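Colleague: Handing over entry.txt, compact mmCIF, N, CA and C atoms.
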# COMPACT_ATOMS: atom_id res chain seq x y z
N GLN J 1 98.45 80.26 108.97
CA GLN J 1 98.57 81.45 109.79
C GLN J 1 100.02 81.71 110.15
N VAL J 2 100.29 82.94 110.49
CA VAL J 2 101.63 83.36 110.88
C VAL J 2 101.62 83.69 112.37
N GLN J 3 102.57 83.13 113.09
CA GLN J 3 102.77 83.50 114.49
C GLN J 3 104.01 84.38 114.57
N LEU J 4 103.91 85.47 115.32
CA LEU J 4 105.00 86.44 115.42
C LEU J 4 105.40 86.59 116.88
N VAL J 5 106.70 86.63 117.13
CA VAL J 5 107.21 86.81 118.49
C VAL J 5 108.29 87.88 118.46
N GLU J 6 108.04 88.97 119.17
CA GLU J 6 109.01 90.05 119.26
C GLU J 6 109.97 89.82 120.43
N SER J 7 111.17 90.32 120.30
CA SER J 7 112.16 90.26 121.37
C SER J 7 113.14 91.40 121.20
N GLY J 8 113.97 91.60 122.24
CA GLY J 8 115.01 92.60 122.15
C GLY J 8 114.73 93.89 122.90
N GLY J 9 113.53 94.00 123.47
CA GLY J 9 113.23 95.20 124.23
C GLY J 9 113.98 95.24 125.55
N GLY J 10 113.85 96.36 126.23
CA GLY J 10 114.51 96.49 127.53
C GLY J 10 114.57 97.93 127.97
N LEU J 11 115.39 98.17 128.98
CA LEU J 11 115.59 99.51 129.54
C LEU J 11 116.92 100.05 129.03
N VAL J 12 116.89 101.25 128.49
CA VAL J 12 118.09 101.86 127.94
C VAL J 12 118.08 103.35 128.25
N GLN J 13 119.25 103.93 128.38
CA GLN J 13 119.33 105.37 128.61
C GLN J 13 119.10 106.13 127.32
N ALA J 14 118.64 107.35 127.45
CA ALA J 14 118.46 108.21 126.28
C ALA J 14 119.78 108.31 125.53
N GLY J 15 119.69 108.24 124.20
CA GLY J 15 120.88 108.24 123.36
C GLY J 15 121.40 106.87 123.03
N GLY J 16 120.89 105.87 123.72
CA GLY J 16 121.33 104.50 123.50
C GLY J 16 120.64 103.83 122.33
N SER J 17 120.94 102.54 122.17
CA SER J 17 120.42 101.77 121.04
C SER J 17 119.84 100.44 121.50
N LEU J 18 118.90 99.96 120.73
CA LEU J 18 118.35 98.63 120.90
C LEU J 18 118.05 98.06 119.52
N ARG J 19 118.09 96.74 119.43
CA ARG J 19 117.71 96.07 118.19
C ARG J 19 116.58 95.09 118.51
N LEU J 20 115.42 95.35 117.94
CA LEU J 20 114.28 94.48 118.12
C LEU J 20 114.25 93.44 117.01
N SER J 21 113.78 92.25 117.35
CA SER J 21 113.59 91.18 116.38
C SER J 21 112.15 90.73 116.41
N CYS J 22 111.66 90.30 115.28
CA CYS J 22 110.32 89.73 115.15
C CYS J 22 110.48 88.42 114.39
N ALA J 23 110.39 87.32 115.12
CA ALA J 23 110.57 86.00 114.52
C ALA J 23 109.21 85.41 114.17
N ALA J 24 109.11 84.91 112.96
CA ALA J 24 107.85 84.35 112.48
C ALA J 24 107.92 82.83 112.40
N SER J 25 106.78 82.21 112.59
CA SER J 25 106.66 80.77 112.41
C SER J 25 105.29 80.48 111.82
N GLY J 26 105.14 79.27 111.33
CA GLY J 26 103.87 78.87 110.74
C GLY J 26 103.85 79.03 109.24
N ARG J 27 104.31 80.16 108.77
CA ARG J 27 104.41 80.42 107.34
C ARG J 27 105.62 81.31 107.10
N THR J 28 106.15 81.26 105.90
CA THR J 28 107.26 82.14 105.57
C THR J 28 106.76 83.57 105.42
N ILE J 29 107.56 84.52 105.90
CA ILE J 29 107.15 85.92 105.80
C ILE J 29 107.52 86.53 104.46
N SER J 30 108.14 85.75 103.59
CA SER J 30 108.62 86.32 102.33
C SER J 30 107.49 86.83 101.45
N SER J 31 106.26 86.43 101.72
CA SER J 31 105.13 86.91 100.93
C SER J 31 104.30 87.93 101.70
N TYR J 32 104.82 88.47 102.79
CA TYR J 32 104.09 89.43 103.60
C TYR J 32 104.83 90.76 103.68
N ALA J 33 104.05 91.83 103.67
CA ALA J 33 104.58 93.11 104.11
C ALA J 33 104.66 93.06 105.63
N MET J 34 105.69 93.68 106.18
CA MET J 34 105.89 93.64 107.62
C MET J 34 105.97 95.06 108.16
N GLY J 35 105.42 95.26 109.35
CA GLY J 35 105.45 96.58 109.94
C GLY J 35 105.75 96.53 111.42
N TRP J 36 106.33 97.61 111.92
CA TRP J 36 106.52 97.82 113.35
C TRP J 36 105.63 98.97 113.78
N PHE J 37 104.93 98.76 114.87
CA PHE J 37 104.09 99.77 115.47
C PHE J 37 104.43 99.86 116.95
N ARG J 38 103.98 100.91 117.60
CA ARG J 38 104.21 101.02 119.04
C ARG J 38 102.96 101.56 119.71
N GLN J 39 102.83 101.22 120.99
CA GLN J 39 101.62 101.58 121.71
C GLN J 39 101.96 101.91 123.16
N THR J 40 101.31 102.96 123.67
CA THR J 40 101.41 103.32 125.08
C THR J 40 99.99 103.41 125.62
N PRO J 41 99.84 103.41 126.96
CA PRO J 41 98.48 103.52 127.53
C PRO J 41 97.78 104.81 127.13
N ALA J 42 98.58 105.85 126.84
CA ALA J 42 97.98 107.15 126.54
C ALA J 42 97.70 107.34 125.05
N LYS J 43 98.23 106.47 124.20
CA LYS J 43 98.10 106.67 122.76
C LYS J 43 97.57 105.42 122.08
N GLU J 44 96.92 105.63 120.96
CA GLU J 44 96.54 104.49 120.12
C GLU J 44 97.80 103.95 119.45
N ARG J 45 97.65 102.76 118.86
CA ARG J 45 98.77 102.15 118.17
C ARG J 45 99.30 103.12 117.10
N GLU J 46 100.61 103.29 117.10
CA GLU J 46 101.25 104.29 116.24
C GLU J 46 102.21 103.59 115.27
N PHE J 47 102.14 103.98 114.02
CA PHE J 47 103.03 103.42 113.01
C PHE J 47 104.46 103.85 113.28
N VAL J 48 105.40 102.93 113.09
CA VAL J 48 106.82 103.22 113.25
C VAL J 48 107.57 103.03 111.93
N ALA J 49 107.47 101.84 111.36
CA ALA J 49 108.21 101.54 110.13
C ALA J 49 107.57 100.34 109.45
N ALA J 50 107.74 100.26 108.14
CA ALA J 50 107.21 99.14 107.38
C ALA J 50 108.12 98.82 106.21
N ILE J 51 108.08 97.55 105.80
CA ILE J 51 108.95 97.08 104.72
C ILE J 51 108.16 96.11 103.85
N SER J 52 108.32 96.23 102.55
CA SER J 52 107.61 95.36 101.62
C SER J 52 108.19 93.95 101.65
N GLU J 53 107.50 93.02 100.99
CA GLU J 53 107.89 91.61 101.09
C GLU J 53 109.31 91.35 100.59
N SER J 54 109.75 92.12 99.62
CA SER J 54 111.10 91.93 99.08
C SER J 54 112.12 92.85 99.74
N GLY J 55 111.62 93.80 100.52
CA GLY J 55 112.51 94.79 101.14
C GLY J 55 112.78 95.99 100.26
N GLY J 56 112.15 96.03 99.08
CA GLY J 56 112.43 97.11 98.15
C GLY J 56 111.75 98.43 98.48
N THR J 57 110.70 98.39 99.29
CA THR J 57 109.98 99.60 99.69
C THR J 57 109.96 99.69 101.20
N ILE J 58 110.35 100.83 101.73
CA ILE J 58 110.41 101.04 103.17
C ILE J 58 109.80 102.40 103.51
N TYR J 59 108.99 102.43 104.55
CA TYR J 59 108.43 103.68 105.06
C TYR J 59 108.84 103.83 106.53
N TYR J 60 109.01 105.08 106.95
CA TYR J 60 109.25 105.39 108.35
C TYR J 60 108.32 106.51 108.79
N ALA J 61 107.93 106.48 110.05
CA ALA J 61 107.26 107.62 110.64
C ALA J 61 108.27 108.76 110.74
N ASP J 62 107.78 109.99 110.60
CA ASP J 62 108.69 111.14 110.66
C ASP J 62 109.43 111.18 111.99
N SER J 63 108.79 110.72 113.05
CA SER J 63 109.38 110.82 114.38
C SER J 63 110.60 109.91 114.56
N VAL J 64 110.76 108.90 113.69
CA VAL J 64 111.88 107.97 113.85
C VAL J 64 112.83 108.00 112.66
N LYS J 65 112.48 108.75 111.64
CA LYS J 65 113.30 108.79 110.42
C LYS J 65 114.71 109.27 110.77
N GLY J 66 115.70 108.55 110.27
CA GLY J 66 117.08 108.91 110.54
C GLY J 66 117.64 108.27 111.80
N ARG J 67 116.77 107.70 112.63
CA ARG J 67 117.22 107.06 113.88
C ARG J 67 116.96 105.56 113.87
N PHE J 68 115.87 105.14 113.26
CA PHE J 68 115.48 103.73 113.23
C PHE J 68 115.69 103.17 111.83
N THR J 69 116.01 101.87 111.79
CA THR J 69 116.17 101.17 110.52
C THR J 69 115.45 99.84 110.57
N ILE J 70 114.54 99.64 109.63
CA ILE J 70 113.84 98.35 109.52
C ILE J 70 114.54 97.51 108.47
N SER J 71 114.63 96.21 108.73
CA SER J 71 115.22 95.30 107.76
C SER J 71 114.57 93.94 107.92
N ARG J 72 114.79 93.07 106.96
CA ARG J 72 114.22 91.73 107.04
C ARG J 72 115.19 90.73 106.47
N ASP J 73 115.15 89.54 107.03
CA ASP J 73 115.94 88.41 106.53
C ASP J 73 114.93 87.30 106.28
N ASN J 74 114.47 87.19 105.05
CA ASN J 74 113.44 86.20 104.74
C ASN J 74 113.94 84.77 104.94
N ALA J 75 115.23 84.57 104.78
CA ALA J 75 115.78 83.23 104.99
C ALA J 75 115.68 82.81 106.45
N LYS J 76 115.76 83.80 107.35
CA LYS J 76 115.64 83.53 108.79
C LYS J 76 114.22 83.77 109.29
N ASN J 77 113.34 84.19 108.35
CA ASN J 77 111.94 84.45 108.73
C ASN J 77 111.84 85.47 109.86
N THR J 78 112.65 86.51 109.78
CA THR J 78 112.76 87.48 110.87
C THR J 78 112.84 88.89 110.31
N VAL J 79 112.20 89.80 111.03
CA VAL J 79 112.26 91.22 110.73
C VAL J 79 112.92 91.92 111.92
N TYR J 80 113.67 92.96 111.63
CA TYR J 80 114.42 93.66 112.66
C TYR J 80 114.06 95.15 112.68
N LEU J 81 114.25 95.76 113.83
CA LEU J 81 114.15 97.21 113.96
C LEU J 81 115.34 97.67 114.78
N GLN J 82 116.30 98.29 114.11
CA GLN J 82 117.46 98.87 114.79
C GLN J 82 117.09 100.28 115.22
N MET J 83 117.19 100.53 116.52
CA MET J 83 116.78 101.82 117.07
C MET J 83 118.00 102.49 117.69
N ASN J 84 118.38 103.62 117.13
CA ASN J 84 119.51 104.39 117.63
C ASN J 84 119.04 105.74 118.15
N SER J 85 119.90 106.40 118.91
CA SER J 85 119.60 107.73 119.45
C SER J 85 118.22 107.76 120.11
N LEU J 86 117.99 106.80 120.94
CA LEU J 86 116.66 106.67 121.55
C LEU J 86 116.34 107.84 122.46
N LYS J 87 115.06 108.20 122.48
CA LYS J 87 114.55 109.31 123.28
C LYS J 87 113.51 108.77 124.25
N ALA J 88 113.25 109.54 125.30
CA ALA J 88 112.25 109.12 126.28
C ALA J 88 110.90 108.89 125.62
N GLU J 89 110.58 109.70 124.61
CA GLU J 89 109.28 109.56 123.95
C GLU J 89 109.18 108.32 123.07
N ASP J 90 110.27 107.57 122.92
CA ASP J 90 110.21 106.29 122.21
C ASP J 90 109.72 105.16 123.13
N THR J 91 109.57 105.44 124.41
CA THR J 91 109.09 104.43 125.36
C THR J 91 107.71 103.94 124.96
N ALA J 92 107.58 102.64 124.79
CA ALA J 92 106.31 102.05 124.35
C ALA J 92 106.46 100.53 124.28
N VAL J 93 105.35 99.86 124.08
CA VAL J 93 105.36 98.46 123.67
C VAL J 93 105.45 98.44 122.15
N TYR J 94 106.43 97.73 121.64
CA TYR J 94 106.64 97.66 120.19
C TYR J 94 106.10 96.33 119.68
N LEU J 95 105.27 96.42 118.64
CA LEU J 95 104.64 95.23 118.06
C LEU J 95 104.97 95.13 116.59
N CYS J 96 105.14 93.92 116.12
CA CYS J 96 105.30 93.75 114.68
C CYS J 96 104.05 93.09 114.11
N GLY J 97 103.77 93.45 112.89
CA GLY J 97 102.61 92.92 112.20
C GLY J 97 102.98 92.41 110.82
N ALA J 98 102.22 91.44 110.33
CA ALA J 98 102.40 90.89 108.99
C ALA J 98 101.11 91.11 108.22
N GLY J 99 101.25 91.61 106.99
CA GLY J 99 100.08 91.88 106.17
C GLY J 99 100.23 91.33 104.78
N GLU J 100 99.15 90.80 104.25
CA GLU J 100 99.20 90.29 102.88
C GLU J 100 99.18 91.46 101.90
N PRO J 101 100.15 91.51 101.01
CA PRO J 101 100.23 92.65 100.10
C PRO J 101 99.20 92.59 98.98
N TYR J 102 98.69 93.76 98.61
CA TYR J 102 97.76 93.84 97.48
C TYR J 102 98.50 93.76 96.16
N TYR J 103 99.77 94.15 96.18
CA TYR J 103 100.59 94.13 94.97
C TYR J 103 102.04 94.08 95.40
N SER J 104 102.92 93.77 94.48
CA SER J 104 104.33 93.70 94.80
C SER J 104 104.84 95.06 95.25
N GLY J 105 105.54 95.08 96.36
CA GLY J 105 106.06 96.33 96.88
C GLY J 105 105.12 97.06 97.82
N PHE J 106 103.98 96.44 98.12
CA PHE J 106 102.99 97.07 98.99
C PHE J 106 103.52 97.20 100.41
N VAL J 107 103.31 98.36 101.01
CA VAL J 107 103.50 98.57 102.43
C VAL J 107 102.36 99.47 102.90
N SER J 108 102.12 99.49 104.19
CA SER J 108 101.06 100.32 104.72
C SER J 108 101.44 100.90 106.07
N VAL J 109 100.96 102.10 106.35
CA VAL J 109 101.16 102.73 107.66
C VAL J 109 99.94 102.48 108.54
N MET J 110 98.94 101.76 108.01
CA MET J 110 97.69 101.53 108.73
C MET J 110 97.73 100.16 109.41
N GLY J 111 97.52 100.15 110.69
CA GLY J 111 97.52 98.90 111.42
C GLY J 111 96.47 97.92 110.94
N ALA J 112 95.36 98.43 110.43
CA ALA J 112 94.28 97.56 109.96
C ALA J 112 94.68 96.71 108.77
N GLU J 113 95.76 97.09 108.08
CA GLU J 113 96.21 96.31 106.92
C GLU J 113 97.05 95.10 107.31
N TYR J 114 97.33 94.98 108.60
CA TYR J 114 98.15 93.86 109.07
C TYR J 114 97.26 92.89 109.82
N GLY J 115 97.20 91.67 109.32
CA GLY J 115 96.28 90.70 109.88
C GLY J 115 96.85 89.86 111.01
N TYR J 116 98.15 89.89 111.15
CA TYR J 116 98.81 89.07 112.17
C TYR J 116 99.70 89.96 113.03
N TRP J 117 99.67 89.71 114.34
CA TRP J 117 100.42 90.53 115.29
C TRP J 117 101.11 89.66 116.32
N GLY J 118 102.26 90.15 116.80
CA GLY J 118 102.90 89.54 117.94
C GLY J 118 102.35 90.13 119.23
N GLN J 119 102.92 89.69 120.33
CA GLN J 119 102.43 90.14 121.64
C GLN J 119 103.10 91.44 122.10
N GLY J 120 104.20 91.79 121.45
CA GLY J 120 104.89 93.03 121.77
C GLY J 120 106.08 92.85 122.69
N THR J 121 106.98 93.82 122.65
CA THR J 121 108.13 93.84 123.56
C THR J 121 108.28 95.26 124.09
N GLN J 122 108.50 95.39 125.39
CA GLN J 122 108.55 96.70 126.04
C GLN J 122 109.90 97.35 125.84
N VAL J 123 109.86 98.61 125.41
CA VAL J 123 111.06 99.44 125.32
C VAL J 123 110.87 100.63 126.26
N THR J 124 111.80 100.79 127.18
CA THR J 124 111.76 101.90 128.12
C THR J 124 113.05 102.69 128.01
N VAL J 125 112.91 103.98 127.71
CA VAL J 125 114.07 104.86 127.56
C VAL J 125 114.07 105.84 128.72
N SER J 126 115.11 105.81 129.51
CA SER J 126 115.21 106.71 130.66
C SER J 126 115.95 107.97 130.26
N SER J 127 115.43 109.10 130.73
CA SER J 127 116.03 110.39 130.36
C SER J 127 117.01 110.87 131.42
Would you mind writing the structure in this file as structure tokens?

Modeller:
Amino acid sequence: QVQLVESGGGLVQAGGSLRLSCAASGRTISSYAMGWFRQTPAKEREFVAAISESGGTIYYADSVKGRFTISRDNAKNTVYLQMNSLKAEDTAVYLCGAGEPYYSGFVSVMGAEYGYWGQGTQVTVSS
């Protein structure tokens, strides 16, 4: 099994930046597709970004495209989410997930495709 721990959240002013990390243990993430999702009390879990096991395929939600960057360092067993130009509507608990790929380069925007999740890290953007 894979254990995931997110960190890097906090309180930031609109227009600011944060870098989230998702550290894995138990198994190497090099064979997993990884995704970032976010959740608020008013919304269901929402896709943010995903990256294939090799990093060759990346998807972003339209709402974060051009502002957020997902990356992975398989040697460090860690996935990152660099968030720039933050907006109040980015306020949420951010969770990372690991999913077993069906084929090389697989990524998914569906939370159900990710079998392992961290506990989340809170991001609050003040306007």

Colleague: Pick the closest to Arg72 of chain J from J:Tyr60, J:Phe47, J:Phe106, J:Tyr32: which is it, counting only C-alpha atoms?

Modeller: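 So, comparing all the options, the nearest one is J:Tyr32.
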
Colleague: Give one line per residue of segment 11-63 of chain J that approaches segment 108-127 of chain J to at most 8 Å, naming the two atoms of the closest pair and their distance in Å to one decimal, counting only C-alpha atoms; sort by chain then ascending residue number and deliver it as CSV.

Modeller:
residue,atom,partner,partner_atom,distance
J:Leu11,CA,J:Thr124,CA,4.7
J:Val12,CA,J:Val125,CA,5.0
J:Gln13,CA,J:Ser126,CA,4.8
J:Ala14,CA,J:Ser127,CA,5.2
J:Cys22,CA,J:Gly118,CA,7.9
J:Met34,CA,J:Tyr114,CA,7.9
J:Gly35,CA,J:Ser108,CA,7.8
J:Phe37,CA,J:Gly111,CA,7.8
J:Arg45,CA,J:Gly111,CA,7.6
J:Phe47,CA,J:Val109,CA,5.7
J:Val48,CA,J:Val109,CA,8.0
J:Ala49,CA,J:Val109,CA,7.6
J:Ala50,CA,J:Ser108,CA,6.8
J:Tyr59,CA,J:Val109,CA,7.8

Colleague: Kindly indicate which residue among J:Gly16, J:Val64, J:Val93, J:Ser54 lies nearest to Pro41 of chain J, using only N, CA and C atoms for the distances.

Modeller: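 Residue with the minimum atom-to-atom distance to Pro41 of chain J: J:Val93.
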
Colleague: I need the residues in segment 7-111 of chain J that are strand (DSSP E or B) according to DSSP; give them as number ranges by chain.

Modeller: J: 7, 10-13, 18-25, 33-40, 43-51, 58-60, 68-73, 78-83, 92-99

Colleague: Compare J:Gln1, J:Ser17, J:Ser63, J:Thr78 by their minimum atom-to-atom distance to Ser30 of chain J, counting all atoms listed in the file, and give me the closest one.

Modeller: J:Thr78

Colleague: Name the residues in contact with Asn77 of chain J at a cut-off of 5 Å, using all atoms listed in the file, excluding same-chain residues fewer than 2 positions from it; report them as a PyMOL selection string.

Modeller: chain J and resi 23-24+73-75+79

Colleague: Quick one: pick out all helix (DSSP H, G or I) residues within chain J from a backbone DSSP run and write them as a short mmCIF file (atom, residue, chain, number, x, y, z; two decimals) with N, CA and C atoms, in the frame of the given file.

Modeller:
data_model
loop_
_atom_site.label_atom_id
_atom_site.label_comp_id
_atom_site.auth_asym_id
_atom_site.auth_seq_id
_atom_site.Cartn_x
_atom_site.Cartn_y
_atom_site.Cartn_z
N ILE J 29 107.56 84.52 105.90
CA ILE J 29 107.15 85.92 105.80
C ILE J 29 107.52 86.53 104.46
N SER J 30 108.14 85.75 103.59
CA SER J 30 108.62 86.32 102.33
C SER J 30 107.49 86.83 101.45
N SER J 31 106.26 86.43 101.72
CA SER J 31 105.13 86.91 100.93
C SER J 31 104.30 87.93 101.70
N ALA J 88 113.25 109.54 125.30
CA ALA J 88 112.25 109.12 126.28
C ALA J 88 110.90 108.89 125.62
N GLU J 89 110.58 109.70 124.61
CA GLU J 89 109.28 109.56 123.95
C GLU J 89 109.18 108.32 123.07
N ASP J 90 110.27 107.57 122.92
CA ASP J 90 110.21 106.29 122.21
C ASP J 90 109.72 105.16 123.13
N GLY J 111 97.52 100.15 110.69
CA GLY J 111 97.52 98.90 111.42
C GLY J 111 96.47 97.92 110.94
N ALA J 112 95.36 98.43 110.43
CA ALA J 112 94.28 97.56 109.96
C ALA J 112 94.68 96.71 108.77
N GLU J 113 95.76 97.09 108.08
CA GLU J 113 96.21 96.31 106.92
C GLU J 113 97.05 95.10 107.31
#

Colleague: With all atoms listed in the file as the basis for distance, which of J:Gly66, J:Ile58, J:Gln39, J:Ser25 is at the shortest distance from Ala92 of chain J?

Modeller: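 Of J:Gly66, J:Ile58, J:Gln39, J:Ser25, the one nearest Ala92 of chain J is J:Gln39, counting all atoms listed in the file.
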
Colleague: Of the candidates J:Gln3, J:Ser71, J:Asn84, J:Glu100, which one gets nearest to Ser31 of chain J if we count only N, CA and C atoms?

Modeller: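 Among the listed residues, the smallest separation from Ser31 of chain J belongs to J:Glu100.
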
Colleague: Taking into account all atoms listed in the file, which residue in the set J:Arg19, J:Gly99, J:Gly9, J:Val2 is nearest to Leu81 of chain J?

Modeller: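 Once distances to Leu81 of chain J are computed over all atoms listed in the file, the minimum belongs to J:Arg19.
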
Colleague: Might you pull out every residue within 8 Å of Thr57 of chain J, with all atoms listed in the file counted and same-chain residues fewer than 5 positions away left off, and present them as a PyMOL selection string?

Modeller: chain J and resi 50-52+104-107

Colleague: Find the distance between atom CA of Glu46 of chain J and atom N of Ser85 of chain J and write it in Å to one decimal.

Modeller: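 Straight-line distance from atom CA of Glu46 of chain J to atom N of Ser85 of chain J works out to 19.0 Å.
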
Colleague: Could you give me the axis-aligned bounding box of segment 23-34 of chain J, with 8 Å of padding per side, as centre plus edge lengths in Å to one decimal, as lines of an AutoDock Vina configuration file?

Modeller:
center_x = 107.2
center_y = 87.0
center_z = 108.0
size_x = 22.7
size_y = 32.2
size_z = 30.2

Colleague: Between atom C of Gly97 of chain J and atom C of Ala33 of chain J, measure the distance and give it in Å to one decimal.

Modeller: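 For atom C of Gly97 of chain J relative to atom C of Ala33 of chain J, the distance reads 5.5 Å.
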
Colleague: Env of Leu20 of chain J: 6 Å cut, atoms = only C-alpha atoms, seq-sep filter 5 positions within chain, self excluded. Answer as a VMD selection string.

Modeller: chain J and resid 7 to 8 80 to 81

Colleague: Measure the distance from atom CA of Gly10 of chain J to atom CA of Tyr94 of chain J in Å and round it to one decimal.

Modeller: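 Separation of atom CA of Gly10 of chain J and atom CA of Tyr94 of chain J: 10.8 Å.
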
Colleague: From the block I gave, I'd like segment 45-56 of chain J written with N, CA, C and O atoms, as a CSV table (one decimal), in the first residue's frame.

Modeller:
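Printed below is part.csv as written:
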chain,number,residue,atom,x,y,z
J,45,ARG,N,-15.5,16.7,-4.3
J,45,ARG,CA,-14.1,16.7,-4.6
J,45,ARG,C,-13.9,17.1,-6.1
J,45,ARG,O,-14.6,16.5,-7.0
J,46,GLU,N,-13.0,18.0,-6.3
J,46,GLU,CA,-12.9,18.6,-7.7
J,46,GLU,C,-11.4,18.3,-8.2
J,46,GLU,O,-10.5,18.5,-7.4
J,47,PHE,N,-11.4,17.9,-9.4
J,47,PHE,CA,-10.1,17.6,-10.0
J,47,PHE,C,-9.3,18.9,-10.2
J,47,PHE,O,-9.9,20.0,-10.6
J,48,VAL,N,-8.0,18.9,-9.9
J,48,VAL,CA,-7.1,20.0,-10.1
J,48,VAL,C,-6.0,19.8,-11.2
J,48,VAL,O,-5.9,20.5,-12.1
J,49,ALA,N,-5.3,18.7,-11.0
J,49,ALA,CA,-4.2,18.4,-11.9
J,49,ALA,C,-3.8,16.9,-11.7
J,49,ALA,O,-4.0,16.3,-10.6
J,50,ALA,N,-3.2,16.4,-12.8
J,50,ALA,CA,-2.8,15.0,-12.7
J,50,ALA,C,-1.5,14.8,-13.6
J,50,ALA,O,-1.4,15.5,-14.6
J,51,ILE,N,-0.7,13.8,-13.2
J,51,ILE,CA,0.5,13.5,-13.9
J,51,ILE,C,0.7,12.0,-14.0
J,51,ILE,O,0.5,11.3,-13.1
J,52,SER,N,1.1,11.6,-15.2
J,52,SER,CA,1.4,10.2,-15.4
J,52,SER,C,2.6,9.7,-14.6
J,52,SER,O,3.4,10.5,-14.1
J,53,GLU,N,2.8,8.4,-14.6
J,53,GLU,CA,3.9,7.8,-13.8
J,53,GLU,C,5.3,8.3,-14.2
J,53,GLU,O,6.1,8.5,-13.3
J,54,SER,N,5.5,8.6,-15.5
J,54,SER,CA,6.8,9.1,-15.9
J,54,SER,C,6.8,10.6,-16.0
J,54,SER,O,7.9,11.2,-16.2
J,55,GLY,N,5.7,11.2,-15.8
J,55,GLY,CA,5.6,12.7,-16.0
J,55,GLY,C,5.4,13.1,-17.4
J,55,GLY,O,5.3,14.3,-17.7
J,56,GLY,N,5.2,12.2,-18.3
J,56,GLY,CA,5.1,12.6,-19.7
J,56,GLY,C,3.7,13.1,-20.1
J,56,GLY,O,3.6,13.8,-21.1
